[in-house]
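Structure file upload_2.txt (compact mmCIF, C-alpha atoms) is printed below.
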```
# COMPACT_ATOMS: atom_id res chain seq x y z
CA MET A 1 -56.48 13.38 -5.29
CA SER A 2 -55.90 12.26 -1.74
CA GLU A 3 -53.97 9.27 -3.04
CA HIS A 4 -51.76 11.57 -5.01
CA LYS A 5 -51.03 13.60 -1.90
CA GLN A 6 -50.12 10.51 0.05
CA THR A 7 -47.61 9.36 -2.51
CA GLU A 8 -46.20 12.84 -2.49
CA ASN A 9 -45.86 12.96 1.27
CA ASN A 10 -44.69 9.42 1.84
CA PRO A 11 -41.49 9.41 -0.18
CA GLN A 12 -39.94 12.07 2.06
CA GLY A 13 -40.69 10.10 5.19
CA ASN A 14 -39.49 6.97 3.48
CA ASP A 15 -36.32 8.61 2.25
CA LYS A 16 -35.41 9.57 5.77
CA LYS A 17 -36.18 6.10 7.04
CA MET A 18 -34.16 4.50 4.27
CA VAL A 19 -31.14 6.70 4.91
CA ILE A 20 -31.33 6.00 8.63
CA ALA A 21 -31.68 2.26 8.05
CA MET A 22 -28.85 2.02 5.53
CA GLY A 23 -26.65 4.31 7.62
CA SER A 24 -27.09 2.35 10.81
CA ILE A 25 -26.62 -1.00 9.08
CA GLY A 26 -23.45 0.41 7.56
CA LEU A 27 -22.28 1.46 11.01
CA ILE A 28 -22.99 -1.96 12.52
CA CYS A 29 -21.15 -3.62 9.64
CA ALA A 30 -18.17 -1.29 9.85
CA LEU A 31 -17.93 -1.92 13.57
CA LEU A 32 -18.02 -5.69 13.05
CA ILE A 33 -15.28 -5.55 10.42
CA VAL A 34 -13.05 -3.33 12.55
CA LEU A 35 -13.49 -5.59 15.58
CA THR A 36 -12.62 -8.71 13.56
CA TYR A 37 -9.64 -6.99 11.98
CA GLN A 38 -8.32 -5.99 15.38
CA GLY A 39 -9.03 -9.39 16.88
CA THR A 40 -7.35 -11.42 14.18
CA PHE A 41 -4.50 -9.05 13.30
CA ALA A 42 -1.87 -10.65 15.55
CA SER A 43 -2.47 -14.24 14.46
CA ILE A 44 -2.72 -13.28 10.78
CA GLU A 45 0.65 -11.52 10.99
CA LYS A 46 2.13 -14.56 12.71
CA ASN A 47 0.72 -16.93 10.09
CA LYS A 48 1.94 -14.71 7.27
CA ALA A 49 5.44 -14.64 8.73
CA GLU A 50 5.44 -18.44 8.94
CA ALA A 51 4.16 -18.77 5.39
CA LEU A 52 6.82 -16.32 4.21
CA GLU A 53 9.56 -18.33 5.90
CA LYS A 54 8.31 -21.53 4.24
CA ALA A 55 8.21 -19.72 0.90
CA ILE A 56 11.80 -18.49 1.31
CA PHE A 57 12.92 -22.10 1.60
CA LYS A 58 11.01 -22.87 -1.60
CA VAL A 59 12.52 -20.08 -3.73
CA LEU A 60 16.09 -20.65 -2.58
CA PRO A 61 16.78 -24.34 -3.10
CA GLY A 62 19.24 -25.99 -0.77
CA ILE A 63 19.25 -23.50 2.10
CA SER A 64 18.98 -24.46 5.74
CA LYS A 65 18.50 -21.09 7.43
CA THR A 66 17.45 -17.54 6.61
CA LYS A 67 18.06 -14.09 7.96
CA ALA A 68 16.13 -10.91 7.34
CA PHE A 69 17.96 -7.75 6.25
CA ARG A 70 16.49 -4.28 6.11
CA LEU A 71 17.33 -1.61 3.60
CA ASN A 72 18.60 1.49 5.39
CA GLN A 73 18.18 5.10 4.27
CA ASP A 74 21.76 5.20 2.94
CA GLN A 75 21.10 2.21 0.62
CA THR A 76 22.97 -0.29 2.77
CA PHE A 77 21.62 -3.47 4.32
CA SER A 78 21.70 -4.49 7.94
CA GLU A 79 20.34 -7.46 9.84
CA THR A 80 16.97 -6.91 11.46
CA ASN A 81 14.31 -8.57 13.56
CA ALA A 82 11.70 -5.92 12.89
CA THR A 83 8.33 -7.27 11.82
CA ASP A 84 6.87 -3.98 10.58
CA PRO A 85 5.77 -4.70 7.00
CA LYS A 86 6.49 -1.09 6.00
CA ILE A 87 10.25 -1.54 6.35
CA PRO A 88 11.73 -2.73 3.03
CA LYS A 89 13.36 -6.08 3.66
CA VAL A 90 15.06 -8.93 1.85
CA TYR A 91 15.81 -12.40 3.15
CA ALA A 92 19.20 -14.04 2.79
CA GLY A 93 19.41 -17.84 2.66
CA TYR A 94 22.40 -19.89 3.82
CA ASP A 95 23.27 -23.54 3.43
CA SER A 96 24.29 -25.82 6.29
CA ILE A 97 27.88 -24.53 6.41
CA GLY A 98 26.77 -20.90 6.48
CA GLN A 99 27.48 -20.04 2.88
CA LEU A 100 25.26 -17.46 1.22
CA LYS A 101 23.08 -19.19 -1.37
CA GLY A 102 20.87 -16.32 -2.46
CA ILE A 103 18.47 -13.56 -1.52
CA ALA A 104 14.70 -13.84 -1.45
CA VAL A 105 12.90 -10.65 -2.45
CA GLN A 106 9.23 -9.83 -2.07
CA ALA A 107 7.54 -7.94 -4.91
CA ASN A 108 4.04 -6.51 -5.18
CA GLY A 109 2.03 -5.17 -8.03
CA LYS A 110 -1.34 -5.12 -9.64
CA GLY A 111 -2.55 -8.37 -11.13
CA TYR A 112 -5.74 -8.90 -13.09
CA GLY A 113 -7.95 -8.61 -10.05
CA GLU A 114 -6.23 -7.54 -6.92
CA VAL A 115 -2.69 -7.16 -5.69
CA LEU A 116 -0.25 -9.91 -6.58
CA ASN A 117 2.25 -10.59 -3.84
CA LEU A 118 5.24 -12.53 -5.13
CA LEU A 119 8.50 -13.84 -3.74
CA TYR A 120 11.51 -14.74 -5.85
CA GLY A 121 14.95 -16.09 -5.11
CA TYR A 122 18.01 -14.29 -6.49
CA ASP A 123 21.32 -16.08 -6.82
CA ILE A 124 23.90 -13.27 -6.55
CA ASP A 125 26.92 -15.18 -7.84
CA ASN A 126 25.25 -16.45 -10.99
CA GLN A 127 22.97 -13.40 -11.32
CA LYS A 128 19.94 -15.56 -11.88
CA ILE A 129 16.46 -15.88 -10.49
CA VAL A 130 16.30 -19.40 -9.13
CA GLY A 131 12.84 -19.62 -7.60
CA PHE A 132 9.41 -18.05 -7.69
CA TYR A 133 6.43 -18.33 -5.37
CA VAL A 134 3.03 -16.63 -5.24
CA LEU A 135 2.40 -15.47 -1.68
CA GLU A 136 -0.95 -13.87 -2.29
CA SER A 137 -3.20 -13.72 -5.31
CA LYS A 138 -6.85 -13.33 -6.09
CA GLU A 139 -6.47 -14.14 -9.77
CA THR A 140 -9.32 -15.84 -11.61
CA PRO A 141 -9.54 -19.48 -10.57
CA GLY A 142 -8.61 -21.80 -13.43
CA ILE A 143 -7.12 -19.00 -15.55
CA GLY A 144 -4.92 -16.48 -13.78
CA ASP A 145 -4.10 -18.84 -10.93
CA LYS A 146 -2.09 -20.96 -13.37
CA ILE A 147 0.89 -18.79 -12.38
CA GLU A 148 1.13 -21.06 -9.35
CA LYS A 149 1.34 -24.21 -11.45
CA GLU A 150 4.41 -26.23 -12.40
CA ASP A 151 4.43 -25.24 -16.10
CA PHE A 152 4.70 -21.55 -15.33
CA LEU A 153 7.09 -22.00 -12.43
CA ALA A 154 9.50 -23.75 -14.81
CA ASN A 155 10.30 -20.26 -16.17
CA PHE A 156 12.05 -19.41 -12.94
CA LYS A 157 14.36 -22.37 -12.44
CA ALA A 158 17.31 -20.41 -13.86
CA MET A 159 16.13 -17.07 -15.20
CA ASP A 160 18.78 -14.71 -16.52
CA ALA A 161 18.89 -11.52 -14.47
CA ALA A 162 22.40 -10.36 -15.24
CA LEU A 163 23.32 -6.76 -14.47
CA ASN A 164 24.80 -4.41 -17.04
CA ASP A 165 28.47 -3.51 -17.07
CA ASP A 166 28.30 -0.72 -14.49
CA PHE A 167 25.93 -2.70 -12.22
CA THR A 168 23.17 -0.10 -12.20
CA LYS A 169 20.40 -2.00 -13.92
CA ILE A 170 19.40 -5.30 -15.45
CA LYS A 171 21.03 -5.89 -18.84
CA ASN A 172 18.04 -7.66 -20.38
CA GLU A 173 14.70 -6.56 -18.97
CA ILE A 174 12.54 -9.43 -17.80
CA THR A 175 9.57 -9.55 -20.14
CA THR A 176 6.62 -11.81 -20.75
CA VAL A 177 6.24 -13.25 -24.24
CA LYS A 178 3.39 -15.20 -25.80
CA HIS A 179 3.18 -18.86 -24.94
CA GLY A 180 5.69 -20.87 -26.97
CA GLU A 181 7.70 -17.84 -28.12
CA LYS A 182 10.27 -17.89 -25.35
CA THR A 183 13.76 -17.88 -26.84
CA ASN A 184 15.92 -16.29 -24.15
CA ASP A 185 16.49 -17.00 -20.50
CA TRP A 186 15.22 -13.58 -19.42
CA GLN A 187 11.82 -14.09 -21.00
CA ILE A 188 8.75 -15.49 -19.30
CA ASP A 189 6.71 -17.97 -21.28
CA GLY A 190 3.20 -16.53 -20.89
CA ILE A 191 0.00 -18.44 -20.25
CA THR A 192 -2.55 -18.66 -23.04
CA GLY A 193 -5.78 -17.06 -21.87
CA ALA A 194 -4.14 -15.38 -18.91
CA THR A 195 -2.26 -12.68 -20.78
CA ILE A 196 -2.86 -9.94 -18.22
CA THR A 197 -1.77 -12.01 -15.27
CA SER A 198 1.36 -13.30 -17.01
CA ARG A 199 2.27 -9.79 -18.13
CA ALA A 200 1.67 -8.52 -14.61
CA VAL A 201 4.17 -11.06 -13.27
CA GLY A 202 6.71 -9.91 -15.88
CA ASN A 203 6.20 -6.25 -15.02
CA ILE A 204 6.41 -6.81 -11.30
CA LEU A 205 9.60 -8.86 -11.63
CA SER A 206 11.14 -6.36 -14.03
CA MET A 207 10.44 -3.41 -11.72
CA SER A 208 11.54 -5.25 -8.64
CA SER A 209 14.71 -6.66 -10.17
CA ASN A 210 15.80 -3.24 -11.42
CA GLN A 211 15.15 -1.79 -8.01
CA TRP A 212 16.73 -4.48 -5.85
CA MET A 213 19.38 -6.38 -7.76
CA PRO A 214 21.88 -3.53 -8.24
CA LEU A 215 21.55 -2.70 -4.53
CA ILE A 216 21.93 -6.30 -3.47
CA TYR A 217 24.91 -6.81 -5.77
CA LYS A 218 26.65 -3.68 -4.49
CA ASN A 219 26.14 -4.70 -0.89
CA LYS A 220 26.85 -8.35 -1.41
CA LYS A 221 29.36 -8.43 1.43
CA SER A 222 26.87 -7.31 4.06
CA PHE A 223 24.89 -10.53 3.63
CA LEU A 224 27.84 -12.80 4.39
CA ILE A 225 27.72 -14.14 7.90
CA ASN A 226 30.77 -14.25 10.11
CA ASP A 227 31.13 -17.88 11.06
CA LYS A 228 33.36 -17.13 14.05
CA SER A 229 30.60 -15.30 15.86
CA LYS A 230 28.36 -18.40 15.74
CA MET B 1 -45.07 -57.07 25.24
CA SER B 2 -43.16 -54.45 27.14
CA VAL B 3 -40.55 -54.39 24.40
CA ILE B 4 -43.19 -53.59 21.85
CA ASN B 5 -44.60 -50.92 24.11
CA GLN B 6 -41.18 -49.39 24.51
CA ASN B 7 -40.69 -49.45 20.81
CA LYS B 8 -43.99 -47.78 20.34
CA THR B 9 -43.23 -45.00 22.79
CA GLU B 10 -39.78 -44.51 21.25
CA LYS B 11 -41.30 -44.30 17.84
CA GLY B 12 -43.87 -41.92 19.21
CA PHE B 13 -41.16 -39.77 20.72
CA LEU B 14 -39.08 -39.72 17.54
CA SER B 15 -42.01 -38.94 15.33
CA SER B 16 -43.12 -36.21 17.70
CA ILE B 17 -39.66 -34.65 17.32
CA ALA B 18 -39.82 -35.10 13.59
CA ASP B 19 -43.26 -33.58 13.42
CA HIS B 20 -42.34 -30.64 15.63
CA PRO B 21 -42.38 -27.53 13.45
CA SER B 22 -38.99 -26.27 14.66
CA THR B 23 -37.32 -29.60 13.84
CA ASP B 24 -38.92 -29.37 10.46
CA GLU B 25 -37.36 -25.94 9.91
CA PHE B 26 -33.99 -27.59 10.54
CA ILE B 27 -34.48 -30.88 8.70
CA LYS B 28 -35.84 -29.33 5.53
CA GLY B 29 -32.54 -27.63 4.76
CA VAL B 30 -30.45 -30.71 5.48
CA TRP B 31 -32.55 -33.13 3.46
CA ARG B 32 -35.90 -32.30 1.88
CA GLU B 33 -34.87 -28.90 0.51
CA ASN B 34 -31.13 -29.49 0.43
CA PRO B 35 -29.66 -26.38 -1.22
CA VAL B 36 -27.37 -28.29 -3.59
CA PHE B 37 -29.14 -31.56 -4.29
CA VAL B 38 -32.73 -30.34 -4.37
CA GLN B 39 -32.72 -26.57 -4.94
CA VAL B 40 -29.59 -26.81 -7.11
CA LEU B 41 -28.31 -23.48 -5.78
CA GLY B 42 -24.73 -22.39 -5.17
CA MET B 43 -23.35 -24.50 -7.99
CA CYS B 44 -20.23 -22.41 -8.48
CA PRO B 45 -18.55 -23.18 -5.13
CA SER B 46 -19.93 -26.73 -5.05
CA LEU B 47 -18.18 -27.55 -8.31
CA ALA B 48 -15.11 -25.39 -7.95
CA VAL B 49 -13.79 -26.01 -4.46
CA SER B 50 -14.90 -29.60 -4.02
CA ASN B 51 -11.71 -31.12 -5.45
CA SER B 52 -10.77 -32.29 -1.96
CA ALA B 53 -12.81 -33.07 1.14
CA LYS B 54 -10.83 -30.56 3.20
CA ASN B 55 -11.54 -27.67 0.84
CA ALA B 56 -15.18 -28.70 0.61
CA LEU B 57 -15.55 -28.85 4.38
CA ALA B 58 -13.88 -25.47 4.88
CA MET B 59 -16.00 -23.86 2.18
CA GLY B 60 -19.18 -25.42 3.56
CA LEU B 61 -18.48 -24.28 7.10
CA ALA B 62 -17.53 -20.78 5.97
CA THR B 63 -20.76 -20.48 4.00
CA ALA B 64 -22.78 -21.91 6.91
CA PHE B 65 -21.26 -19.31 9.23
CA VAL B 66 -22.11 -16.45 6.90
CA LEU B 67 -25.60 -17.88 6.41
CA LEU B 68 -26.21 -18.21 10.15
CA MET B 69 -24.90 -14.77 11.10
CA SER B 70 -26.62 -12.93 8.27
CA ASN B 71 -29.89 -14.74 8.94
CA ILE B 72 -29.74 -13.73 12.62
CA LEU B 73 -28.96 -10.09 11.91
CA ILE B 74 -31.47 -9.78 9.08
CA SER B 75 -34.17 -11.42 11.16
CA LEU B 76 -33.43 -9.05 14.06
CA LEU B 77 -33.61 -6.02 11.78
CA ARG B 78 -36.52 -7.24 9.67
CA ASP B 79 -38.98 -4.60 10.91
CA PHE B 80 -36.39 -1.87 10.74
CA ILE B 81 -35.23 -2.33 7.14
CA PRO B 82 -37.48 -0.47 4.66
CA LYS B 83 -38.71 -2.64 1.82
CA GLN B 84 -37.15 -0.54 -0.94
CA VAL B 85 -33.58 -0.93 0.31
CA ARG B 86 -33.84 -4.45 1.69
CA ILE B 87 -31.68 -6.17 -0.95
CA ALA B 88 -28.94 -3.57 -0.61
CA SER B 89 -29.05 -3.99 3.16
CA TYR B 90 -28.90 -7.78 2.92
CA ILE B 91 -25.90 -7.63 0.60
CA LEU B 92 -24.16 -5.20 2.95
CA ILE B 93 -24.76 -7.52 5.90
CA ILE B 94 -23.70 -10.63 3.95
CA ALA B 95 -20.55 -8.91 2.65
CA THR B 96 -19.64 -7.92 6.20
CA PHE B 97 -19.78 -11.48 7.48
CA VAL B 98 -17.83 -12.68 4.45
CA THR B 99 -15.10 -10.19 5.36
CA VAL B 100 -15.23 -11.46 8.94
CA ILE B 101 -14.82 -15.10 7.88
CA ASP B 102 -12.09 -14.06 5.44
CA TYR B 103 -10.03 -12.61 8.30
CA ALA B 104 -10.89 -15.51 10.57
CA MET B 105 -9.72 -18.03 8.00
CA GLN B 106 -6.44 -16.19 7.51
CA ALA B 107 -5.97 -16.32 11.26
CA ILE B 108 -6.68 -20.07 11.34
CA SER B 109 -4.56 -21.16 8.38
CA ILE B 110 -3.00 -19.14 5.58
CA GLU B 111 -2.60 -22.28 3.49
CA LEU B 112 -6.29 -23.14 3.68
CA HIS B 113 -7.12 -19.53 2.84
CA LYS B 114 -4.83 -19.76 -0.16
CA SER B 115 -6.29 -23.02 -1.43
CA LEU B 116 -9.81 -21.57 -1.35
CA GLY B 117 -8.50 -18.41 -3.00
CA ALA B 118 -11.05 -16.08 -4.51
CA PHE B 119 -13.95 -18.35 -3.57
CA ILE B 120 -14.12 -17.02 -0.03
CA ALA B 121 -14.84 -13.53 -1.33
CA LEU B 122 -17.34 -15.05 -3.74
CA ILE B 123 -19.50 -16.31 -0.84
CA VAL B 124 -21.05 -12.83 -1.07
CA VAL B 125 -22.77 -13.80 -4.31
CA ASN B 126 -23.74 -17.30 -3.21
CA CYS B 127 -27.44 -17.28 -3.97
CA ILE B 128 -28.25 -19.66 -1.10
CA ILE B 129 -27.50 -16.91 1.40
CA LEU B 130 -29.44 -14.14 -0.32
CA SER B 131 -32.33 -16.47 -1.00
CA ARG B 132 -32.59 -17.47 2.66
CA ALA B 133 -32.40 -13.82 3.68
CA GLU B 134 -35.14 -12.81 1.29
CA ALA B 135 -37.34 -15.89 1.51
CA PHE B 136 -37.01 -16.74 5.18
CA ALA B 137 -35.10 -14.50 7.60
CA SER B 138 -36.90 -11.33 6.53
CA LYS B 139 -40.27 -12.91 7.39
CA ASN B 140 -39.58 -15.09 10.42
CA THR B 141 -38.47 -14.86 14.04
CA VAL B 142 -34.84 -15.05 15.07
CA GLY B 143 -35.24 -18.56 16.51
CA LYS B 144 -36.75 -19.95 13.35
CA SER B 145 -34.16 -18.15 11.22
CA ILE B 146 -31.35 -19.71 13.23
CA LEU B 147 -32.82 -23.18 12.71
CA ASP B 148 -33.32 -22.49 9.02
CA ALA B 149 -29.75 -21.24 8.62
CA LEU B 150 -28.32 -24.18 10.56
CA GLY B 151 -30.29 -26.64 8.45
CA MET B 152 -29.37 -25.03 5.14
CA GLY B 153 -25.75 -24.54 6.25
CA ILE B 154 -25.36 -28.13 7.33
CA GLY B 155 -27.15 -29.29 4.20
CA PHE B 156 -24.76 -27.29 2.03
CA THR B 157 -21.71 -28.53 3.94
CA PHE B 158 -23.00 -32.11 3.72
CA ALA B 159 -23.52 -31.81 -0.03
CA LEU B 160 -20.09 -30.29 -0.58
CA LEU B 161 -18.49 -32.94 1.58
CA CYS B 162 -20.22 -35.67 -0.45
CA ILE B 163 -18.93 -34.23 -3.72
CA GLY B 164 -15.49 -33.46 -2.28
CA GLY B 165 -15.22 -36.87 -0.64
CA VAL B 166 -16.01 -38.79 -3.82
CA ARG B 167 -13.65 -36.63 -5.87
CA GLU B 168 -10.79 -36.88 -3.40
CA ILE B 169 -11.10 -40.63 -2.86
CA LEU B 170 -11.17 -41.40 -6.58
CA GLY B 171 -8.94 -38.56 -7.76
CA SER B 172 -6.22 -38.54 -5.10
CA GLY B 173 -6.73 -41.87 -3.32
CA SER B 174 -7.13 -40.15 0.03
CA PHE B 175 -9.78 -38.69 2.34
CA LEU B 176 -9.19 -35.44 4.24
CA GLY B 177 -5.53 -35.81 3.33
CA PHE B 178 -5.06 -39.35 4.67
CA GLU B 179 -3.90 -41.68 1.93
CA PHE B 180 -5.43 -45.07 2.42
CA MET B 181 -5.65 -46.55 -1.05
CA PRO B 182 -3.07 -49.23 -1.93
CA ASP B 183 -0.21 -48.12 -4.19
CA SER B 184 -1.62 -50.20 -7.02
CA PHE B 185 -4.66 -47.89 -7.10
CA GLU B 186 -4.61 -45.86 -10.29
CA LYS B 187 -5.75 -42.30 -9.47
CA TRP B 188 -8.56 -40.95 -11.60
CA VAL B 189 -6.99 -37.61 -12.39
CA ILE B 190 -10.14 -36.43 -14.14
CA MET B 191 -11.99 -36.41 -10.80
CA VAL B 192 -9.78 -33.61 -9.49
CA LEU B 193 -10.24 -31.61 -12.69
CA PRO B 194 -13.41 -29.53 -13.29
CA ALA B 195 -15.00 -32.27 -15.39
CA GLY B 196 -14.88 -34.62 -12.41
CA GLY B 197 -16.94 -32.13 -10.44
CA PHE B 198 -19.72 -32.24 -13.00
CA PHE B 199 -19.65 -36.04 -13.17
CA THR B 200 -19.79 -36.39 -9.41
CA LEU B 201 -22.58 -33.84 -9.04
CA ALA B 202 -24.63 -35.54 -11.74
CA PHE B 203 -24.10 -38.91 -10.12
CA LEU B 204 -25.14 -37.65 -6.67
CA LEU B 205 -28.17 -35.82 -8.08
CA LEU B 206 -29.19 -39.09 -9.70
CA ILE B 207 -29.02 -40.92 -6.36
CA PHE B 208 -30.84 -38.11 -4.54
CA ASN B 209 -33.61 -37.94 -7.10
CA SER B 210 -34.13 -41.69 -7.12
CA PHE B 211 -34.61 -41.48 -3.32
CA LYS B 212 -37.13 -38.73 -3.83
CA ILE B 213 -39.10 -40.65 -6.44
CA LYS B 214 -39.16 -43.75 -4.23
CA ASN B 215 -40.41 -41.69 -1.28
CA ASN B 216 -43.10 -40.07 -3.38
CA ARG B 217 -44.35 -43.46 -4.55
CA ALA B 218 -44.39 -44.86 -1.02
```

Here is a file; write its structure as structure tokens.
Amino acid sequence: MSEHKQTENNPQGNDKKMVIAMGSIGLICALLIVLTYQGTFASIEKNKAEALEKAIFKVLPGISKTKAFRLNQDQTFSETNATDPKIPKVYAGYDSIGQLKGIAVQANGKGYGEVLNLLYGYDIDNQKIVGFYVLESKETPGIGDKIEKEDFLANFKAMDAALNDDFTKIKNEITTVKHGEKTNDWQIDGITGATITSRAVGNILSMSSNQWMPLIYKNKKSFLINDKSK
Amino acid sequence: MSVINQNKTEKGFLSSIADHPSTDEFIKGVWRENPVFVQVLGMCPSLAVSNSAKNALAMGLATAFVLLMSNILISLLRDFIPKQVRIASYILIIATFVTVIDYAMQAISIELHKSLGAFIALIVVNCIILSRAEAFASKNTVGKSILDALGMGIGFTFALLCIGGVREILGSGSFLGFEFMPDSFEKWVIMVLPAGGFFTLAFLLLIFNSFKIKNNRA
């Protein structure tokens, strides 16, 4: 009988102790994470900016300098130095004589696991995607991370992204097809075994191209740099 | 005569260090109970990110850091954590330090962070860390737990570096990124692929076990 009482009394005391223990460990942990986040924020942002710059050179072949442009409220673009990631931005690339070679656009979306952060190069004159780079991905190693490999990147050497006749959207939506079934330049040859990741890339590019390319095309002139001012 | 005496005292000094219990706490993780070669724990990262010595070293150090910090905190809180919720608490603590090292690595080098990819987050489920928390840190003093974590951490890093080193030298003809093999050297591509990881691990386990058998006989 007395044993029974003890087990009846103890759980309450234990419950309280457990809640206190878990709660305070949670607090310590939260504090540690916040402190680290604050402490490393500046250098992470700096590293990310450097990595982005390197990536811009990769997705726009043949450029020798880049400039960032922000999208204003009235759907026009203007040059910017702002580093706030919340401001929508695109990056124009120029060759050594200052000629516009293309625009690099960042695109995010859900992958198989976490957010996929992509960068692609858009050649305005030929209306093609000319480069593709994965900035951030937590896709399954050995399966989903094949989107960073040469075979998959070959899709984006000269991908058709032509606009329709009134320049409001993409004529042929970018879509992912099964591996080996690619017949048109606007299709992405998917990866066997990584269907969700390859489709995610297609969806992200399709959304982003419909959103950005008409705007970029309409404002093409604002990206040209005035050589006399240099 | 004096030389012999000196030798004797040196030997005496060394063996007294080796016999000291705290040294033993440290040495056992590096060698006798090496997490990879003897306990055969943490196979996933040791096979997956050991395709180059640099990745292996970074992964080993990151894991050692998480192991050390979680061992310290768990050992400090060992009387405070109720038995029923201990595993949940350990996982919470381990996950916190994994997040910390994740941020730290991004701050050091984005490229390195990218090449390790999802495996940094997967340190949380590395059974070496939870097993040290449960088997050692929750029962021992902070000092001993630090030594244990350092030993196991260095042992893990050493093992990963061995695997990564062999795979990089044979598979890419370089070590830590420095190419030193002559151009005529034909790279063994298979060593960089997953299969190479298994081959290398098996080969190293063979060497390690033959050492062990020899020692046992002697």

Set out as a Markdown table a contact list for chain B and chain A with a cut-off of 10 Å, giving each residue of chain B that qualifies its closest atom pair and distance in Å to one decimal, counting all atoms listed in the file, ordered by chain and rising residue number.
```
| residue | atom | partner | partner_atom | distance |
| --- | --- | --- | --- | --- |
| B:Ala48 | CA | A:Pro141 | CA | 8.5 |
| B:Val49 | CA | A:Pro141 | CA | 9.9 |
| B:Leu73 | CA | A:Ile25 | CA | 9.8 |
| B:Leu77 | CA | A:Ile25 | CA | 9.0 |
| B:Phe80 | CA | A:Ala21 | CA | 6.8 |
| B:Ile81 | CA | A:Ala21 | CA | 5.9 |
| B:Pro82 | CA | A:Met18 | CA | 6.0 |
| B:Lys83 | CA | A:Met18 | CA | 8.8 |
| B:Gln84 | CA | A:Met18 | CA | 7.8 |
| B:Val85 | CA | A:Met18 | CA | 6.7 |
| B:Arg86 | CA | A:Met22 | CA | 9.0 |
| B:Ala88 | CA | A:Met22 | CA | 8.3 |
| B:Ser89 | CA | A:Met22 | CA | 6.5 |
| B:Tyr90 | CA | A:Ile25 | CA | 9.4 |
| B:Leu92 | CA | A:Gly26 | CA | 7.3 |
| B:Ile93 | CA | A:Cys29 | CA | 6.5 |
| B:Ile94 | CA | A:Cys29 | CA | 9.4 |
| B:Ala95 | CA | A:Cys29 | CA | 8.8 |
| B:Thr96 | CA | A:Cys29 | CA | 5.7 |
| B:Phe97 | CA | A:Ile33 | CA | 8.0 |
| B:Val98 | CA | A:Ile33 | CA | 9.6 |
| B:Thr99 | CA | A:Ile33 | CA | 6.9 |
| B:Val100 | CA | A:Thr36 | CA | 6.0 |
| B:Ile101 | CA | A:Thr36 | CA | 8.8 |
| B:Asp102 | CA | A:Thr36 | CA | 9.7 |
| B:Tyr103 | CA | A:Thr40 | CA | 6.6 |
| B:Ala104 | CA | A:Thr40 | CA | 6.5 |
| B:Met105 | CA | A:Ile44 | CA | 8.9 |
| B:Gln106 | CA | A:Ile44 | CA | 5.7 |
| B:Ala107 | CA | A:Ile44 | CA | 4.5 |
| B:Ile108 | CA | A:Ser43 | CA | 7.8 |
| B:Ser109 | CA | A:Asn47 | CA | 7.0 |
| B:Ile110 | CA | A:Asn47 | CA | 6.3 |
| B:Glu111 | CA | A:Ala51 | CA | 7.9 |
| B:His113 | CA | A:Glu136 | CA | 9.8 |
| B:Lys114 | CA | A:Glu136 | CA | 7.4 |
| B:Leu116 | CA | A:Pro141 | CA | 9.5 |
| B:Gly117 | CA | A:Lys138 | CA | 6.2 |
| B:Ala118 | CA | A:Lys138 | CA | 5.3 |
| B:Phe119 | CA | A:Pro141 | CA | 8.4 |
| B:Ala121 | CA | A:Lys138 | CA | 9.3 |
| B:Leu193 | CA | A:Gly142 | CA | 10.0 |
| B:Pro194 | CA | A:Gly142 | CA | 9.1 |
```

Pairwise distance, CA of Ser78 in chain A with CA of Ile129 in chain A, equals 22.3 Å

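Between CA of Phe199 in chain B and CA of Met181 in chain B there is a distance of 21.3 Å.
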
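Comparing the minimum interatomic distances between Ser46 in chain B and each of B:Ala135, B:Ile87, B:Leu161, B:Ala149, counting all atoms listed in the file, we find that B:Leu161 sits nearest.
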
Excluding Lys89 in chain A and any residue of its chain fewer than 4 positions from it, enumerate the residues within 9 Å of it, using only C-alpha atoms, and give them as a PDB file with C-alpha atoms, in the frame of the given file.
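around-v6.pdb, freshly written:
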```pdb
ATOM      1  CA  ALA A  68      16.130 -10.910   7.340  1.00  0.00           C
ATOM      2  CA  PHE A  69      17.960  -7.750   6.250  1.00  0.00           C
ATOM      3  CA  ARG A  70      16.490  -4.280   6.110  1.00  0.00           C
ATOM      4  CA  LEU A  71      17.330  -1.610   3.600  1.00  0.00           C
ATOM      5  CA  PHE A  77      21.620  -3.470   4.320  1.00  0.00           C
ATOM      6  CA  THR A  80      16.970  -6.910  11.460  1.00  0.00           C
ATOM      7  CA  PRO A  85       5.770  -4.700   7.000  1.00  0.00           C
ATOM      8  CA  VAL A 105      12.900 -10.650  -2.450  1.00  0.00           C
ATOM      9  CA  GLN A 106       9.230  -9.830  -2.070  1.00  0.00           C
TER      10      GLN A 106
END
```

Using only C-alpha atoms, the best pick from B:Leu47, B:Ala53, B:Gly29, B:Ala202 as closest to Phe178 in chain B would be B:Ala53

Surrounding residues of Ala58 in chain B excluding itself and chain neighbours under 4 positions, 9 Å, only C-alpha atoms, as an mmCIF file with C-alpha atoms, keeping the file's coordinate frame:
```cif
data_model
loop_
_atom_site.group_PDB
_atom_site.id
_atom_site.type_symbol
_atom_site.label_atom_id
_atom_site.label_comp_id
_atom_site.auth_asym_id
_atom_site.auth_seq_id
_atom_site.Cartn_x
_atom_site.Cartn_y
_atom_site.Cartn_z
ATOM 1 C CA ALA B 53 -12.810 -33.070 1.140
ATOM 2 C CA LYS B 54 -10.830 -30.560 3.200
ATOM 3 C CA ALA B 62 -17.530 -20.780 5.970
ATOM 4 C CA THR B 63 -20.760 -20.480 4.000
ATOM 5 C CA LEU B 112 -6.290 -23.140 3.680
ATOM 6 C CA LEU B 116 -9.810 -21.570 -1.350
ATOM 7 C CA THR B 157 -21.710 -28.530 3.940
#
```
